[in-house]
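See below for the structure under consideration.
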Amino acid sequence: MPEYVGIRMLKAKAGEIVRNVQRGMRYVVSIRGRPVALIIPVEPVPEPPQQDWWEALYQAGSLLEWKTQRTTEELLDEVRG
């Protein structure tokens with residue numbers, strides 16, 4: 001069950017309250033006795049998988065099919081004008 005804390009107490013003891021939240025406690029913040037916010041621990045966020053970008057680029061390039069017999073140099077010359 002969450003513990004209630006007034007906005008003044010939150011300001012005065014913010015560091016302590018955040019440390020308690022890290023340990024799993026929950027707080028309902030109130031202003032003039034009316035609940036306005038809930039402070040809860042953040043769920044663990046998984047690390048994004050590390051990707052070898054060069055390998056991904058190489059694999060993407062291997063999926064391309066060139067429909068020309070021209071060389072890269074010829075294609076670049078055409079694009080450059």
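Lettering and numbering for the structure tokens are positional, with chains as A, B, ... in the shown order, residues counted from 1 in each chain, and ligands counted from 1 in the shown order.
Backbone DSSP over chain A gives strand (DSSP E) for A:Glu3, A:Tyr4, A:Val5, A:Gly6, A:Tyr27, A:Val28, A:Val29, A:Ser30, A:Ile31, A:Arg34, A:Pro35, A:Val36, A:Ala37, A:Leu38, A:Ile39.
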Could those selected residues go to a file with N, CA, C and O atoms, as a PDB file, in the first residue's frame?
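So the final result, stored in part_22.pdb, reads:
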ATOM      1  N   GLU A   3       2.383   4.997   0.571  1.00  0.00           N
ATOM      2  CA  GLU A   3       2.429   5.931   1.688  1.00  0.00           C
ATOM      3  C   GLU A   3       2.089   7.320   1.151  1.00  0.00           C
ATOM      4  O   GLU A   3       2.489   7.683   0.051  1.00  0.00           O
ATOM      5  N   TYR A   4       1.355   8.090   1.930  1.00  0.00           N
ATOM      6  CA  TYR A   4       0.979   9.441   1.513  1.00  0.00           C
ATOM      7  C   TYR A   4       2.031  10.434   1.978  1.00  0.00           C
ATOM      8  O   TYR A   4       2.560  10.327   3.083  1.00  0.00           O
ATOM      9  N   VAL A   5       2.350  11.390   1.105  1.00  0.00           N
ATOM     10  CA  VAL A   5       3.313  12.435   1.432  1.00  0.00           C
ATOM     11  C   VAL A   5       2.804  13.744   0.823  1.00  0.00           C
ATOM     12  O   VAL A   5       2.362  13.778  -0.313  1.00  0.00           O
ATOM     13  N   GLY A   6       2.848  14.790   1.634  1.00  0.00           N
ATOM     14  CA  GLY A   6       2.438  16.100   1.146  1.00  0.00           C
ATOM     15  C   GLY A   6       3.538  16.711   0.289  1.00  0.00           C
ATOM     16  O   GLY A   6       4.707  16.324   0.364  1.00  0.00           O
ATOM     17  N   TYR A  27       4.634   6.045  -3.240  1.00  0.00           N
ATOM     18  CA  TYR A  27       4.127   7.228  -2.552  1.00  0.00           C
ATOM     19  C   TYR A  27       3.006   7.853  -3.358  1.00  0.00           C
ATOM     20  O   TYR A  27       3.075   7.927  -4.585  1.00  0.00           O
ATOM     21  N   VAL A  28       1.989   8.326  -2.627  1.00  0.00           N
ATOM     22  CA  VAL A  28       0.954   9.170  -3.215  1.00  0.00           C
ATOM     23  C   VAL A  28       1.264  10.586  -2.747  1.00  0.00           C
ATOM     24  O   VAL A  28       1.377  10.845  -1.546  1.00  0.00           O
ATOM     25  N   VAL A  29       1.433  11.501  -3.692  1.00  0.00           N
ATOM     26  CA  VAL A  29       1.737  12.894  -3.369  1.00  0.00           C
ATOM     27  C   VAL A  29       0.426  13.666  -3.326  1.00  0.00           C
ATOM     28  O   VAL A  29      -0.410  13.537  -4.224  1.00  0.00           O
ATOM     29  N   SER A  30       0.280  14.450  -2.279  1.00  0.00           N
ATOM     30  CA  SER A  30      -0.959  15.221  -2.165  1.00  0.00           C
ATOM     31  C   SER A  30      -0.649  16.713  -2.032  1.00  0.00           C
ATOM     32  O   SER A  30       0.398  17.108  -1.539  1.00  0.00           O
ATOM     33  N   ILE A  31      -1.590  17.499  -2.522  1.00  0.00           N
ATOM     34  CA  ILE A  31      -1.542  18.956  -2.366  1.00  0.00           C
ATOM     35  C   ILE A  31      -2.838  19.345  -1.670  1.00  0.00           C
ATOM     36  O   ILE A  31      -3.932  19.033  -2.169  1.00  0.00           O
ATOM     37  N   ARG A  34      -5.338  16.587  -1.163  1.00  0.00           N
ATOM     38  CA  ARG A  34      -5.920  15.913  -2.334  1.00  0.00           C
ATOM     39  C   ARG A  34      -4.823  15.191  -3.102  1.00  0.00           C
ATOM     40  O   ARG A  34      -3.834  15.802  -3.519  1.00  0.00           O
ATOM     41  N   PRO A  35      -4.952  13.877  -3.337  1.00  0.00           N
ATOM     42  CA  PRO A  35      -3.939  13.132  -4.094  1.00  0.00           C
ATOM     43  C   PRO A  35      -3.824  13.654  -5.523  1.00  0.00           C
ATOM     44  O   PRO A  35      -4.828  13.876  -6.198  1.00  0.00           O
ATOM     45  N   VAL A  36      -2.575  13.893  -5.962  1.00  0.00           N
ATOM     46  CA  VAL A  36      -2.355  14.429  -7.304  1.00  0.00           C
ATOM     47  C   VAL A  36      -1.338  13.624  -8.118  1.00  0.00           C
ATOM     48  O   VAL A  36      -1.279  13.757  -9.329  1.00  0.00           O
ATOM     49  N   ALA A  37      -0.525  12.807  -7.449  1.00  0.00           N
ATOM     50  CA  ALA A  37       0.513  12.084  -8.186  1.00  0.00           C
ATOM     51  C   ALA A  37       0.877  10.807  -7.448  1.00  0.00           C
ATOM     52  O   ALA A  37       0.655  10.677  -6.243  1.00  0.00           O
ATOM     53  N   LEU A  38       1.454   9.899  -8.206  1.00  0.00           N
ATOM     54  CA  LEU A  38       1.919   8.631  -7.653  1.00  0.00           C
ATOM     55  C   LEU A  38       3.385   8.477  -8.035  1.00  0.00           C
ATOM     56  O   LEU A  38       3.745   8.620  -9.209  1.00  0.00           O
ATOM     57  N   ILE A  39       4.220   8.203  -7.052  1.00  0.00           N
ATOM     58  CA  ILE A  39       5.641   7.954  -7.310  1.00  0.00           C
ATOM     59  C   ILE A  39       5.876   6.466  -7.101  1.00  0.00           C
ATOM     60  O   ILE A  39       5.660   5.945  -5.998  1.00  0.00           O
TER      61      ILE A  39
END
As a VMD selection string, list the residues of chain A assigned to alpha helix (DSSP H) by DSSP on the backbone atoms of this structure.
chain A and resid 7 to 12 14 to 22 53 to 63 72 to 80
Keeping C-alpha atoms for every residue in the selection just given, could you write it to a file as a PDB file, in the first residue's frame?
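Okay, this is what ended up in result-v6.pdb:
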ATOM      1  CA  ILE A   7       4.117  18.306  -1.437  1.00  0.00           C
ATOM      2  CA  ARG A   8       6.046  20.198   1.254  1.00  0.00           C
ATOM      3  CA  MET A   9       7.394  16.973   2.729  1.00  0.00           C
ATOM      4  CA  LEU A  10       8.296  15.771  -0.775  1.00  0.00           C
ATOM      5  CA  LYS A  11      10.325  18.930  -1.346  1.00  0.00           C
ATOM      6  CA  ALA A  12      12.041  18.644   2.023  1.00  0.00           C
ATOM      7  CA  ALA A  14      13.078  14.311  -1.952  1.00  0.00           C
ATOM      8  CA  GLY A  15      16.382  12.414  -1.766  1.00  0.00           C
ATOM      9  CA  GLU A  16      15.172  10.105   0.993  1.00  0.00           C
ATOM     10  CA  ILE A  17      11.877   9.460  -0.787  1.00  0.00           C
ATOM     11  CA  VAL A  18      13.609   8.628  -4.076  1.00  0.00           C
ATOM     12  CA  ARG A  19      15.947   6.196  -2.283  1.00  0.00           C
ATOM     13  CA  ASN A  20      12.898   4.553  -0.683  1.00  0.00           C
ATOM     14  CA  VAL A  21      11.271   4.279  -4.116  1.00  0.00           C
ATOM     15  CA  GLN A  22      14.420   2.556  -5.397  1.00  0.00           C
ATOM     16  CA  TRP A  53      26.048  -2.202 -38.061  1.00  0.00           C
ATOM     17  CA  TRP A  54      28.674  -3.123 -40.617  1.00  0.00           C
ATOM     18  CA  GLU A  55      27.369  -6.691 -40.729  1.00  0.00           C
ATOM     19  CA  ALA A  56      23.777  -5.447 -41.057  1.00  0.00           C
ATOM     20  CA  LEU A  57      24.799  -3.130 -43.897  1.00  0.00           C
ATOM     21  CA  TYR A  58      26.655  -5.929 -45.654  1.00  0.00           C
ATOM     22  CA  GLN A  59      23.639  -8.233 -45.348  1.00  0.00           C
ATOM     23  CA  ALA A  60      21.308  -5.523 -46.676  1.00  0.00           C
ATOM     24  CA  GLY A  61      23.630  -4.971 -49.632  1.00  0.00           C
ATOM     25  CA  SER A  62      23.699  -8.663 -50.436  1.00  0.00           C
ATOM     26  CA  LEU A  63      19.909  -8.560 -50.828  1.00  0.00           C
ATOM     27  CA  THR A  72      30.131   1.775 -60.236  1.00  0.00           C
ATOM     28  CA  GLU A  73      32.381   4.398 -61.811  1.00  0.00           C
ATOM     29  CA  GLU A  74      30.056   4.728 -64.810  1.00  0.00           C
ATOM     30  CA  LEU A  75      27.015   5.069 -62.575  1.00  0.00           C
ATOM     31  CA  LEU A  76      28.701   7.736 -60.457  1.00  0.00           C
ATOM     32  CA  ASP A  77      29.765   9.674 -63.532  1.00  0.00           C
ATOM     33  CA  GLU A  78      26.164   9.643 -64.739  1.00  0.00           C
ATOM     34  CA  VAL A  79      24.823  10.881 -61.379  1.00  0.00           C
ATOM     35  CA  ARG A  80      27.468  13.609 -61.079  1.00  0.00           C
TER      36      ARG A  80
END
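Atom CA of Arg32 of chain A lies 17.8 Å from atom CA of Pro2 of chain A.
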